[in-house]
>>> print(open('protein_20.cif').read())   # mmCIF, C-alpha atoms
data_data
#
loop_
_atom_site.group_PDB
_atom_site.id
_atom_site.type_symbol
_atom_site.label_atom_id
_atom_site.label_comp_id
_atom_site.auth_asym_id
_atom_site.auth_seq_id
_atom_site.Cartn_x
_atom_site.Cartn_y
_atom_site.Cartn_z
ATOM 1 C CA MET A 139 0.000 0.000 0.000
ATOM 2 C CA THR A 140 1.257 3.460 -0.861
ATOM 3 C CA ASP A 141 1.315 6.423 1.495
ATOM 4 C CA ARG A 142 -1.944 8.303 1.856
ATOM 5 C CA ILE A 143 -2.304 10.942 -0.896
ATOM 6 C CA THR A 144 -3.749 14.235 0.313
ATOM 7 C CA SER A 145 -2.938 16.755 -2.425
ATOM 8 C CA THR A 146 -4.635 17.350 -5.770
ATOM 9 C CA SER A 147 -1.266 18.523 -7.115
ATOM 10 C CA ASN A 148 0.329 15.124 -6.507
ATOM 11 C CA PRO A 149 1.838 13.943 -9.845
ATOM 12 C CA ARG A 150 0.093 10.593 -9.607
ATOM 13 C CA VAL A 151 -3.266 12.253 -9.037
ATOM 14 C CA LYS A 152 -2.707 14.420 -12.110
ATOM 15 C CA ALA A 153 -1.777 11.378 -14.206
ATOM 16 C CA LEU A 154 -4.814 9.408 -13.064
ATOM 17 C CA ALA A 155 -7.152 12.373 -13.608
ATOM 18 C CA ARG A 156 -5.972 12.539 -17.218
ATOM 19 C CA LEU A 157 -7.469 9.073 -17.754
ATOM 20 C CA ARG A 158 -10.811 10.836 -18.016
ATOM 21 C CA ASN A 159 -9.623 11.867 -21.497
ATOM 22 C CA ALA A 160 -9.728 9.498 -24.478
ATOM 23 C CA ARG A 161 -6.265 10.462 -25.707
ATOM 24 C CA GLU A 162 -4.665 9.609 -22.376
ATOM 25 C CA ARG A 163 -6.481 6.262 -22.263
ATOM 26 C CA ARG A 164 -5.286 5.519 -25.773
ATOM 27 C CA ASP A 165 -1.682 6.524 -25.045
ATOM 28 C CA THR A 166 -1.392 4.641 -21.759
ATOM 29 C CA GLY A 167 -3.672 1.675 -22.400
ATOM 30 C CA LEU A 168 -5.265 2.292 -18.999
ATOM 31 C CA PHE A 169 -8.787 3.272 -17.957
ATOM 32 C CA LEU A 170 -10.837 3.930 -14.835
ATOM 33 C CA ILE A 171 -13.566 1.681 -13.449
ATOM 34 C CA GLU A 172 -16.032 3.474 -11.182
ATOM 35 C CA GLY A 173 -18.834 1.609 -9.462
ATOM 36 C CA ILE A 174 -18.739 -1.375 -7.133
ATOM 37 C CA ARG A 175 -20.779 -3.610 -9.455
ATOM 38 C CA GLU A 176 -18.672 -2.582 -12.412
ATOM 39 C CA LEU A 177 -15.385 -3.265 -10.636
ATOM 40 C CA GLN A 178 -16.623 -6.610 -9.326
ATOM 41 C CA ARG A 179 -17.604 -7.686 -12.840
ATOM 42 C CA ALA A 180 -14.274 -6.544 -14.237
ATOM 43 C CA LEU A 181 -12.397 -8.591 -11.656
ATOM 44 C CA GLY A 182 -14.657 -11.591 -12.253
ATOM 45 C CA ALA A 183 -14.010 -11.377 -15.991
ATOM 46 C CA GLY A 184 -10.248 -11.326 -15.513
ATOM 47 C CA VAL A 185 -9.729 -7.706 -16.561
ATOM 48 C CA PRO A 186 -6.186 -6.766 -15.437
ATOM 49 C CA VAL A 187 -6.864 -4.314 -12.591
ATOM 50 C CA THR A 188 -3.542 -2.793 -11.576
ATOM 51 C CA SER A 189 -4.550 -0.559 -8.685
ATOM 52 C CA ALA A 190 -7.491 0.509 -6.562
ATOM 53 C CA LEU A 191 -7.979 4.039 -5.282
ATOM 54 C CA TRP A 192 -9.989 4.331 -2.090
ATOM 55 C CA CYS A 193 -11.310 7.096 0.099
ATOM 56 C CA ALA A 194 -12.190 6.271 3.695
ATOM 57 C CA SER A 195 -14.982 8.832 3.963
ATOM 58 C CA ARG A 196 -16.751 7.311 0.950
ATOM 59 C CA LEU A 197 -16.509 3.648 1.943
ATOM 60 C CA ASP A 198 -19.688 1.725 2.693
ATOM 61 C CA GLU A 199 -20.248 -1.947 3.485
ATOM 62 C CA ARG A 200 -20.128 -3.073 -0.166
ATOM 63 C CA SER A 201 -16.997 -1.115 -1.021
ATOM 64 C CA GLU A 202 -15.257 -2.279 2.167
ATOM 65 C CA ARG A 203 -15.967 -5.906 1.238
ATOM 66 C CA LEU A 204 -14.670 -5.309 -2.271
ATOM 67 C CA LEU A 205 -11.533 -3.623 -0.980
ATOM 68 C CA ALA A 206 -10.846 -6.529 1.371
ATOM 69 C CA SER A 207 -11.329 -9.089 -1.424
ATOM 70 C CA LEU A 208 -8.972 -7.565 -3.991
ATOM 71 C CA PRO A 209 -6.137 -9.794 -5.205
ATOM 72 C CA ALA A 210 -2.774 -9.237 -3.530
ATOM 73 C CA GLU A 211 -1.222 -7.931 -6.758
ATOM 74 C CA VAL A 212 -3.635 -4.970 -6.905
ATOM 75 C CA GLU A 213 -1.937 -1.881 -5.500
ATOM 76 C CA LEU A 214 -4.065 -0.056 -2.912
ATOM 77 C CA ILE A 215 -3.844 3.734 -2.919
ATOM 78 C CA GLU A 216 -5.583 5.658 -0.153
ATOM 79 C CA MET A 217 -6.675 9.210 -0.903
ATOM 80 C CA THR A 218 -8.435 11.979 0.935
ATOM 81 C CA PRO A 219 -11.649 13.320 -0.668
ATOM 82 C CA ALA A 220 -10.113 16.166 -2.712
ATOM 83 C CA PRO A 221 -7.661 14.130 -4.831
ATOM 84 C CA PHE A 222 -10.085 11.216 -5.024
ATOM 85 C CA GLU A 223 -12.853 13.425 -6.402
ATOM 86 C CA LYS A 224 -10.454 15.070 -8.858
ATOM 87 C CA ILE A 225 -9.876 11.662 -10.457
ATOM 88 C CA ALA A 226 -13.487 10.478 -10.327
ATOM 89 C CA TYR A 227 -15.752 10.938 -13.342
ATOM 90 C CA ARG A 228 -19.008 10.809 -11.410
ATOM 91 C CA SER A 229 -20.148 13.661 -9.215
ATOM 92 C CA ASP A 230 -20.792 11.248 -6.332
ATOM 93 C CA PRO A 231 -18.229 8.450 -6.760
ATOM 94 C CA PRO A 232 -18.255 5.263 -4.703
ATOM 95 C CA GLY A 233 -15.454 4.618 -2.228
ATOM 96 C CA VAL A 234 -13.282 2.560 -4.572
ATOM 97 C CA ILE A 235 -12.129 3.304 -8.135
ATOM 98 C CA GLY A 236 -10.216 0.742 -10.150
ATOM 99 C CA VAL A 237 -7.411 1.426 -12.612
ATOM 100 C CA ALA A 238 -7.106 -1.281 -15.257
ATOM 101 C CA ARG A 239 -5.324 -2.185 -18.452
ATOM 102 C CA GLN A 240 -7.557 -2.233 -21.506
ATOM 103 C CA PRO A 241 -8.300 -5.809 -22.596
ATOM 104 C CA ALA A 242 -7.784 -6.914 -26.192
ATOM 105 C CA THR A 243 -10.624 -6.187 -28.625
ATOM 106 C CA GLY A 244 -9.586 -7.995 -31.798
ATOM 107 C CA LEU A 245 -12.026 -10.100 -33.804
ATOM 108 C CA ASP A 246 -9.777 -13.094 -33.184
ATOM 109 C CA ARG A 247 -10.862 -13.182 -29.541
ATOM 110 C CA ILE A 248 -14.469 -14.004 -30.487
ATOM 111 C CA HIS A 249 -15.354 -17.700 -30.269
ATOM 112 C CA LEU A 250 -18.488 -18.714 -32.153
ATOM 113 C CA GLY A 251 -20.623 -21.756 -31.449
ATOM 114 C CA PRO A 252 -22.926 -23.535 -33.892
ATOM 115 C CA THR A 253 -25.691 -20.885 -33.824
ATOM 116 C CA PRO A 254 -24.115 -17.594 -32.735
ATOM 117 C CA LEU A 255 -26.097 -14.438 -32.142
ATOM 118 C CA VAL A 256 -23.934 -11.373 -32.734
ATOM 119 C CA LEU A 257 -24.849 -7.715 -32.362
ATOM 120 C CA ILE A 258 -22.952 -5.440 -34.757
ATOM 121 C CA SER A 259 -23.044 -1.694 -34.182
ATOM 122 C CA GLU A 260 -21.548 0.558 -36.830
ATOM 123 C CA SER A 261 -20.075 3.947 -35.942
ATOM 124 C CA VAL A 262 -21.717 4.137 -32.532
ATOM 125 C CA GLU A 263 -21.174 7.705 -31.378
ATOM 126 C CA LYS A 264 -22.596 8.087 -27.878
ATOM 127 C CA PRO A 265 -21.047 6.291 -24.885
ATOM 128 C CA GLY A 266 -24.463 5.876 -23.275
ATOM 129 C CA ASN A 267 -25.829 4.090 -26.333
ATOM 130 C CA LEU A 268 -22.913 1.681 -26.483
ATOM 131 C CA GLY A 269 -23.205 1.003 -22.768
ATOM 132 C CA ALA A 270 -26.944 0.376 -23.058
ATOM 133 C CA MET A 271 -26.408 -2.004 -25.988
ATOM 134 C CA LEU A 272 -23.822 -3.957 -24.013
ATOM 135 C CA ARG A 273 -26.178 -4.199 -21.038
ATOM 136 C CA THR A 274 -28.964 -5.481 -23.319
ATOM 137 C CA ALA A 275 -26.563 -7.859 -25.061
ATOM 138 C CA ASP A 276 -25.633 -9.317 -21.689
ATOM 139 C CA ALA A 277 -29.315 -9.787 -20.840
ATOM 140 C CA ALA A 278 -29.914 -11.499 -24.194
ATOM 141 C CA ALA A 279 -26.853 -13.731 -23.734
ATOM 142 C CA VAL A 280 -25.429 -12.792 -27.113
ATOM 143 C CA THR A 281 -22.334 -14.524 -28.410
ATOM 144 C CA ALA A 282 -20.555 -11.229 -28.987
ATOM 145 C CA VAL A 283 -20.881 -7.527 -29.683
ATOM 146 C CA VAL A 284 -18.821 -6.199 -32.577
ATOM 147 C CA VAL A 285 -18.281 -2.462 -32.969
ATOM 148 C CA ALA A 286 -17.497 -1.449 -36.552
ATOM 149 C CA ASP A 287 -15.765 1.874 -37.213
ATOM 150 C CA PRO A 288 -16.472 3.281 -33.750
ATOM 151 C CA THR A 289 -16.391 6.996 -33.078
ATOM 152 C CA VAL A 290 -16.631 6.474 -29.327
ATOM 153 C CA ASP A 291 -13.884 5.173 -27.044
ATOM 154 C CA LEU A 292 -14.971 1.796 -25.685
ATOM 155 C CA PHE A 293 -13.366 2.557 -22.328
ATOM 156 C CA ASN A 294 -15.046 5.904 -21.819
ATOM 157 C CA PRO A 295 -16.268 6.104 -18.186
ATOM 158 C CA ASN A 296 -19.836 6.562 -19.453
ATOM 159 C CA VAL A 297 -19.621 3.276 -21.378
ATOM 160 C CA VAL A 298 -18.505 1.531 -18.184
ATOM 161 C CA ARG A 299 -21.309 3.173 -16.228
ATOM 162 C CA ALA A 300 -24.144 2.703 -18.751
ATOM 163 C CA SER A 301 -23.208 -0.930 -19.321
ATOM 164 C CA GLN A 302 -23.208 -1.589 -15.554
ATOM 165 C CA GLY A 303 -20.144 -3.754 -16.100
ATOM 166 C CA ALA A 304 -21.433 -5.629 -19.152
ATOM 167 C CA LEU A 305 -18.460 -4.110 -20.970
ATOM 168 C CA PHE A 306 -16.482 -6.829 -19.179
ATOM 169 C CA THR A 307 -18.932 -9.736 -19.334
ATOM 170 C CA VAL A 308 -19.896 -9.620 -23.037
ATOM 171 C CA PRO A 309 -17.279 -10.724 -25.602
ATOM 172 C CA LEU A 310 -16.454 -7.504 -27.438
ATOM 173 C CA ALA A 311 -14.486 -6.756 -30.575
ATOM 174 C CA VAL A 312 -13.672 -3.662 -32.626
ATOM 175 C CA ALA A 313 -12.708 -3.507 -36.309
ATOM 176 C CA ARG A 314 -13.151 -1.569 -39.516
ATOM 177 C CA THR A 315 -16.481 -2.182 -41.250
ATOM 178 C CA ALA A 316 -14.845 -3.956 -44.196
ATOM 179 C CA ALA A 317 -13.035 -6.311 -41.814
ATOM 180 C CA VAL A 318 -16.276 -7.040 -39.930
ATOM 181 C CA LEU A 319 -18.033 -7.932 -43.196
ATOM 182 C CA GLU A 320 -15.173 -10.225 -44.194
ATOM 183 C CA TRP A 321 -15.170 -11.836 -40.741
ATOM 184 C CA ALA A 322 -18.937 -12.431 -40.820
ATOM 185 C CA ALA A 323 -18.751 -13.983 -44.292
ATOM 186 C CA SER A 324 -15.886 -16.261 -43.273
ATOM 187 C CA TYR A 325 -18.020 -17.717 -40.465
ATOM 188 C CA ASP A 326 -21.221 -17.946 -42.537
ATOM 189 C CA ILE A 327 -23.020 -15.428 -40.358
ATOM 190 C CA GLU A 328 -26.260 -14.269 -41.948
ATOM 191 C CA LEU A 329 -26.589 -10.525 -41.526
ATOM 192 C CA PHE A 330 -29.838 -8.635 -40.865
ATOM 193 C CA ALA A 331 -29.547 -4.862 -41.049
ATOM 194 C CA GLY A 332 -31.996 -2.517 -39.373
ATOM 195 C CA LEU A 333 -33.058 -0.033 -42.054
ATOM 196 C CA PRO A 334 -36.133 2.214 -41.768
ATOM 197 C CA ASP A 335 -37.042 1.827 -45.450
ATOM 198 C CA ALA A 336 -36.977 -1.981 -45.456
ATOM 199 C CA ALA A 337 -40.164 -3.677 -46.627
ATOM 200 C CA THR A 338 -39.742 -6.670 -44.295
ATOM 201 C CA SER A 339 -40.490 -6.404 -40.577
ATOM 202 C CA TYR A 340 -37.880 -7.726 -38.177
ATOM 203 C CA TRP A 341 -40.239 -10.399 -36.798
ATOM 204 C CA ALA A 342 -40.865 -11.831 -40.274
ATOM 205 C CA VAL A 343 -37.355 -13.248 -40.752
ATOM 206 C CA ASP A 344 -35.756 -16.364 -39.275
ATOM 207 C CA LEU A 345 -33.280 -15.355 -36.558
ATOM 208 C CA THR A 346 -32.592 -18.841 -35.197
ATOM 209 C CA GLY A 347 -29.420 -19.637 -37.162
ATOM 210 C CA ARG A 348 -25.964 -18.081 -37.384
ATOM 211 C CA VAL A 349 -27.133 -14.485 -37.112
ATOM 212 C CA GLY A 350 -25.612 -11.032 -37.002
ATOM 213 C CA LEU A 351 -27.941 -8.116 -36.222
ATOM 214 C CA VAL A 352 -26.622 -4.806 -37.534
ATOM 215 C CA VAL A 353 -27.579 -1.319 -36.319
ATOM 216 C CA GLY A 354 -26.188 2.060 -37.351
ATOM 217 C CA ARG A 355 -25.954 5.597 -36.079
ATOM 218 C CA GLU A 356 -29.177 7.440 -35.321
ATOM 219 C CA ASP A 357 -28.329 10.469 -37.442
ATOM 220 C CA ARG A 358 -27.391 8.681 -40.654
ATOM 221 C CA GLY A 359 -28.028 4.972 -40.179
ATOM 222 C CA LEU A 360 -25.854 2.323 -41.768
ATOM 223 C CA THR A 361 -23.384 3.047 -44.522
ATOM 224 C CA PRO A 362 -24.327 1.675 -47.997
ATOM 225 C CA ILE A 363 -21.719 -1.097 -47.794
ATOM 226 C CA TRP A 364 -24.115 -3.194 -45.699
ATOM 227 C CA ARG A 365 -26.990 -3.280 -48.196
ATOM 228 C CA PRO A 366 -25.639 -5.959 -50.573
ATOM 229 C CA ALA A 367 -24.341 -8.047 -47.667
ATOM 230 C CA ALA A 368 -27.380 -8.065 -45.382
ATOM 231 C CA THR A 369 -31.112 -8.667 -45.397
ATOM 232 C CA ALA A 370 -32.813 -5.357 -44.635
ATOM 233 C CA VAL A 371 -35.430 -5.404 -41.882
ATOM 234 C CA SER A 372 -37.456 -2.601 -40.357
ATOM 235 C CA ILE A 373 -39.081 -1.881 -37.023
ATOM 236 C CA PRO A 374 -42.556 -0.595 -37.978
ATOM 237 C CA MET A 375 -43.223 2.851 -36.535
ATOM 238 C CA GLN A 376 -46.774 3.721 -35.458
ATOM 239 C CA GLY A 377 -46.274 7.338 -34.438
ATOM 240 C CA ASP A 378 -44.940 10.470 -36.093
ATOM 241 C CA GLY A 379 -41.264 9.632 -35.538
ATOM 242 C CA ASP A 380 -39.216 7.957 -38.247
ATOM 243 C CA SER A 381 -36.512 6.320 -36.114
ATOM 244 C CA LEU A 382 -35.701 4.854 -32.719
ATOM 245 C CA ASN A 383 -32.768 5.309 -30.399
ATOM 246 C CA THR A 384 -30.151 2.864 -31.690
ATOM 247 C CA ALA A 385 -29.884 1.078 -28.345
ATOM 248 C CA THR A 386 -33.673 0.624 -28.303
ATOM 249 C CA ALA A 387 -33.634 -0.719 -31.860
ATOM 250 C CA ALA A 388 -30.870 -3.156 -30.938
ATOM 251 C CA ALA A 389 -32.880 -4.358 -27.930
ATOM 252 C CA LEU A 390 -35.965 -5.055 -30.062
ATOM 253 C CA LEU A 391 -33.962 -6.988 -32.644
ATOM 254 C CA LEU A 392 -32.046 -8.976 -30.044
ATOM 255 C CA PHE A 393 -35.059 -10.038 -28.040
ATOM 256 C CA GLU A 394 -36.968 -11.050 -31.146
ATOM 257 C CA ALA A 395 -34.057 -13.387 -31.834
ATOM 258 C CA VAL A 396 -34.215 -14.588 -28.214
ATOM 259 C CA ARG A 397 -37.972 -15.181 -28.576
ATOM 260 C CA GLN A 398 -37.579 -17.135 -31.801
ATOM 261 C CA ARG A 399 -34.765 -19.245 -30.431
ATOM 262 C CA GLY A 400 -36.708 -20.015 -27.293
ATOM 263 C CA ALA A 401 -39.739 -21.027 -29.336
ATOM 264 C CA ALA A 402 -37.580 -23.157 -31.615
ATOM 265 C CA ASP A 403 -36.039 -25.159 -28.771
ATOM 266 C CA GLY A 404 -39.296 -25.406 -26.830
ATOM 267 C CA SER A 405 -38.219 -23.305 -23.874
ATOM 268 C CA ILE A 406 -41.001 -20.781 -24.550
ATOM 269 C CA THR A 407 -44.316 -20.917 -26.339
ATOM 270 C CA ALA A 408 -44.372 -19.030 -29.630
ATOM 271 C CA SER A 409 -47.027 -16.336 -29.786
#
>>> encode(input="protein_20.cif", output="structure tokens")
Amino acid sequence: MTDRITSTSNPRVKALARLRNARERRDTGLFLIEGIRELQRALGAGVPVTSALWCASRLDERSERLLASLPAEVELIEMTPAPFEKIAYRSDPPGVIGVARQPATGLDRIHLGPTPLVLISESVEKPGNLGAMLRTADAAAVTAVVVADPTVDLFNPNVVRASQGALFTVPLAVARTAAVLEWAASYDIELFAGLPDAATSYWAVDLTGRVGLVVGREDRGLTPIWRPAATAVSIPMQGDGDSLNTATAAALLLFEAVRQRGAADGSITAS
């Protein structure tokens, strides 16, 4: 354990506070994990947590248990409230913040079974949307989430927070769109792209096989490269709006696949 840090001008505090910025995360390969649930899930998933910052005045029963259960190789760094809050991303941080190395995100880390269900998100822009999609993907027990041409940093604190730790529990990969298309074709994954102008509703296609569900950005949708490679499906809109939040669209597509697969194997009754 290091000495107790009391100053916001401490060089280590300044270095850790810079991890709130994407460039610093990219340059160092490190990121912050705020939230007891999130840190527990990261540790359970084998994410390499290098150190844990803690503040005595912010500890509660859950954070004390977590602190006591950390592996011996995790460096413990005690801080007073001022430096601790300078590093924290949230306005009311929990008593423990983890510092971790970013895990690998290559397509080669994805292992596919006989009937994989993959969520593919192209050019996701908002950390909250990516986090929400990961949380939904975890609930739907997807095989993997693949992010094509992302404009958001996967290890943004808001992704960690919105995913409630699913960032660590769902197999996740990042690649250029062309590489994702090549990867999907090489594994015989049938792609279904959510497009508002599609004539076929998403519940009218068979989603029980080797399936990849593709969603795009809210402002411009999917790039044209997906059209010849995927079956276009739409989510019928009953109101005046012409689109849904991309995380909401992903949830509808994923749970239709879950419904169909449950009906196919007899675990639920088809409606």
>>> resolve_selection(input="protein_20.cif", expression="the PyMOL selection byres ((chain A and resi 244) around 8)", output="MDAnalysis selection string")
chainID A and resid 242:243 245:248 311:313
>>> atom_distance(input="protein_20.cif", atom1="atom CA of A:Ser189", atom2="atom CA of A:Ser147")
19.4 Å
>>> closest_atom_pairs(input="protein_20.cif", of="stretch 257-304 of chain A", to="stretch 225-238 of chain A", cutoff="10 Å", atoms="all atoms listed in the file", output="CSV")
residue,atom,partner,partner_atom,distance
A:Asn294,CA,A:Tyr227,CA,9.9
A:Pro295,CA,A:Tyr227,CA,6.9
A:Asn296,CA,A:Tyr227,CA,8.6
A:Arg299,CA,A:Arg228,CA,9.3
>>> closest_residue(input="protein_20.cif", among="A:Glu263, A:Arg273, A:Gln302, A:Val290", to="A:Arg358", atoms="all atoms listed in the file")
A:Glu263
>>> residues_around(input="protein_20.cif", residues="A:Leu292", least_positions_apart="5", cutoff="9 Å", atoms="only C-alpha atoms", output="number ranges by chain")
A: 265, 268-269, 297-298, 305, 312
>>> closest_residue(input="protein_20.cif", among="A:Ala206, A:Leu168, A:Leu392, A:Val185", to="A:Phe306", atoms="only C-alpha atoms")
A:Val185
